[in-house]
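All remarks here apply to the structure that follows.
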Amino acid sequence: METHNISLLQFMLFNQLLVKKNNLYLPSIIHPEHYYFDANRKGVQTIIETFGMYQEPSYLDLRPSNASVAPIKPDPNVDLIMIGKTFLKSLNIDTKLIGMHQLTQTDAGTRVKLGVFLPEAVPKEIVTGHQWHLMIEFNNGLQIAANQHPNAVQKILLQQAIKHLKNKQQSN
């Protein structure tokens, strides 16, 4: 998807806001099926959500990973890759579910390519349900991101962070 007038810096500020506020209210605004959310500075997220809008809520632990777990090759010249593995929190079992979102700053805004890779045996209802869930989640998150306005210091720091992450991604 392409956004206009929402920069990658604004999206990063939104993500920081999500971690900083670390409460139930903001994640519930992003998607009403987010029942619990906790995050730390290392990017680990603990959530309870109805995954794929399918049956009962799941207690999940999302852990950032590097490109070595990427199920596909990232697009060239991507500025930021958000990639992670998903575990059942209570049992510490790898669900074999990998999230991989690619974000690139454009002249008009940000290009966002969302990806969630599920095992082949997952019911079709979960796949379709999570497509809708993710679309709603990112749309609502981008609406919040549009209201984030980085100051001069934040712009410098976030641009440096993007440059650092991009270099790190390219070396993996």
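Identifiers in the structure tokens: chain A, B, ... in order shown; residue index from 1 per chain; ligand index from 1 in order shown.
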Mind checking DSSP for chain A and telling me the strand (DSSP E or B) residues as JSON, numbers by chain?
{"A": [2, 3, 4, 34, 35, 36, 37, 38, 39, 45, 46, 47, 48, 49, 58, 59, 60, 61, 62, 63, 64, 80, 81, 82, 83, 84, 85, 86, 87, 88, 93, 94, 95, 96, 97, 98, 99, 100, 101, 102, 103, 104, 105, 109, 110, 111, 112, 113, 116, 117]}
Please tabulate, as a Markdown table, the residues of segment 4-73 of chain A that come within 10 Å of segment 141-156 of chain A, each with its closest pair of atoms and the distance in Å to one decimal, counting only C-alpha atoms and ordering rows by chain, then residue number upward.
| residue | atom | partner | partner_atom | distance |
| --- | --- | --- | --- | --- |
| A:His4 | CA | A:Ala146 | CA | 9.6 |
| A:Asn5 | CA | A:Ala146 | CA | 7.5 |
| A:Ile6 | CA | A:Ala146 | CA | 5.4 |
| A:Ser7 | CA | A:Ala146 | CA | 8.0 |
| A:Leu8 | CA | A:Ala145 | CA | 9.1 |
| A:Leu9 | CA | A:Lys155 | CA | 7.0 |
| A:Gln10 | CA | A:Ala145 | CA | 5.3 |
| A:Phe11 | CA | A:Ala145 | CA | 5.1 |
| A:Met12 | CA | A:Ala145 | CA | 8.0 |
| A:Leu13 | CA | A:Gln148 | CA | 6.4 |
| A:Phe14 | CA | A:Ala145 | CA | 5.0 |
| A:Asn15 | CA | A:Ala145 | CA | 8.3 |
| A:Leu17 | CA | A:Gln148 | CA | 9.2 |
| A:Leu18 | CA | A:Gly141 | CA | 9.5 |
| A:Leu26 | CA | A:Gly141 | CA | 9.4 |
| A:Pro27 | CA | A:Gly141 | CA | 8.9 |
| A:Ile29 | CA | A:Gly141 | CA | 8.5 |
| A:Ile30 | CA | A:Gly141 | CA | 5.6 |
| A:His31 | CA | A:Gly141 | CA | 8.8 |
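With atom CA of Leu60 of chain A on one side and atom CA of Phe117 of chain A on the other, the separation reads 15.5 Å.
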From the DSSP assignment of the backbone, select every residue of segment 48-157 of chain A that is alpha helix (DSSP H), and format the answer as number ranges by chain.
A: 124-145, 152-157
Please identify all polymer residues within 7 Å of Leu80 of chain A, counting only C-alpha atoms, omitting same-chain residues fewer than 6 positions from it, and present them as a PyMOL selection string.
chain A and resi 102-104+162+165-166
Store the residues picked out above, limited to all heavy atoms, as a PDB file, in the first residue's frame.
ATOM      1  N   GLN A 102       7.627  -4.513   5.165  1.00  0.00           N
ATOM      2  CA  GLN A 102       8.670  -3.711   4.538  1.00  0.00           C
ATOM      3  C   GLN A 102       8.143  -2.291   4.346  1.00  0.00           C
ATOM      4  O   GLN A 102       7.070  -2.098   3.794  1.00  0.00           O
ATOM      5  CB  GLN A 102       9.049  -4.321   3.189  1.00  0.00           C
ATOM      6  CG  GLN A 102       9.523  -5.771   3.302  1.00  0.00           C
ATOM      7  CD  GLN A 102       9.848  -6.366   1.951  1.00  0.00           C
ATOM      8  OE1 GLN A 102      10.775  -5.922   1.274  1.00  0.00           O
ATOM      9  NE2 GLN A 102       9.082  -7.362   1.534  1.00  0.00           N
ATOM     10  N   LEU A 103       8.938  -1.324   4.818  1.00  0.00           N
ATOM     11  CA  LEU A 103       8.525   0.077   4.734  1.00  0.00           C
ATOM     12  C   LEU A 103       9.618   0.894   4.045  1.00  0.00           C
ATOM     13  O   LEU A 103      10.799   0.746   4.362  1.00  0.00           O
ATOM     14  CB  LEU A 103       8.271   0.633   6.132  1.00  0.00           C
ATOM     15  CG  LEU A 103       7.133  -0.068   6.891  1.00  0.00           C
ATOM     16  CD1 LEU A 103       7.692  -1.087   7.851  1.00  0.00           C
ATOM     17  CD2 LEU A 103       6.299   0.939   7.616  1.00  0.00           C
ATOM     18  N   THR A 104       9.197   1.759   3.123  1.00  0.00           N
ATOM     19  CA  THR A 104      10.131   2.585   2.377  1.00  0.00           C
ATOM     20  C   THR A 104       9.580   4.001   2.276  1.00  0.00           C
ATOM     21  O   THR A 104       8.417   4.196   1.920  1.00  0.00           O
ATOM     22  CB  THR A 104      10.339   2.016   0.953  1.00  0.00           C
ATOM     23  OG1 THR A 104      10.759   0.656   1.066  1.00  0.00           O
ATOM     24  CG2 THR A 104      11.379   2.803   0.191  1.00  0.00           C
ATOM     25  N   ILE A 162      16.988   4.928  10.944  1.00  0.00           N
ATOM     26  CA  ILE A 162      16.604   4.274   9.690  1.00  0.00           C
ATOM     27  C   ILE A 162      17.846   3.900   8.889  1.00  0.00           C
ATOM     28  O   ILE A 162      17.958   2.787   8.378  1.00  0.00           O
ATOM     29  CB  ILE A 162      15.666   5.177   8.861  1.00  0.00           C
ATOM     30  CG1 ILE A 162      14.318   5.303   9.550  1.00  0.00           C
ATOM     31  CG2 ILE A 162      15.502   4.641   7.437  1.00  0.00           C
ATOM     32  CD1 ILE A 162      13.420   6.381   8.969  1.00  0.00           C
ATOM     33  N   LEU A 165      19.530   0.919  10.605  1.00  0.00           N
ATOM     34  CA  LEU A 165      18.794  -0.317  10.395  1.00  0.00           C
ATOM     35  C   LEU A 165      18.897  -0.798   8.957  1.00  0.00           C
ATOM     36  O   LEU A 165      19.034  -2.003   8.703  1.00  0.00           O
ATOM     37  CB  LEU A 165      17.329  -0.110  10.796  1.00  0.00           C
ATOM     38  CG  LEU A 165      17.063   0.057  12.285  1.00  0.00           C
ATOM     39  CD1 LEU A 165      15.623   0.504  12.528  1.00  0.00           C
ATOM     40  CD2 LEU A 165      17.361  -1.233  13.038  1.00  0.00           C
ATOM     41  N   LYS A 166      18.856   0.127   8.015  1.00  0.00           N
ATOM     42  CA  LYS A 166      18.962  -0.250   6.605  1.00  0.00           C
ATOM     43  C   LYS A 166      20.331  -0.869   6.331  1.00  0.00           C
ATOM     44  O   LYS A 166      20.418  -1.906   5.665  1.00  0.00           O
ATOM     45  CB  LYS A 166      18.737   0.978   5.717  1.00  0.00           C
ATOM     46  CG  LYS A 166      18.651   0.659   4.249  1.00  0.00           C
ATOM     47  CD  LYS A 166      18.246   1.882   3.438  1.00  0.00           C
ATOM     48  CE  LYS A 166      18.056   1.530   1.991  1.00  0.00           C
ATOM     49  NZ  LYS A 166      17.533   2.629   1.212  1.00  0.00           N
TER      50      LYS A 166
END
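Of note, atom CA of Gly52 of chain A and atom CA of His133 of chain A are spaced 6.4 Å apart.
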Just the residues within 9 Å of Met1 of chain A, please, counting only C-alpha atoms, with nothing from its chain fewer than 3 positions along; format it as number ranges by chain.
A: 110-114
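Note that the spacing between atom CA of Lys96 of chain A and atom CA of Pro32 of chain A amounts to 24.8 Å.
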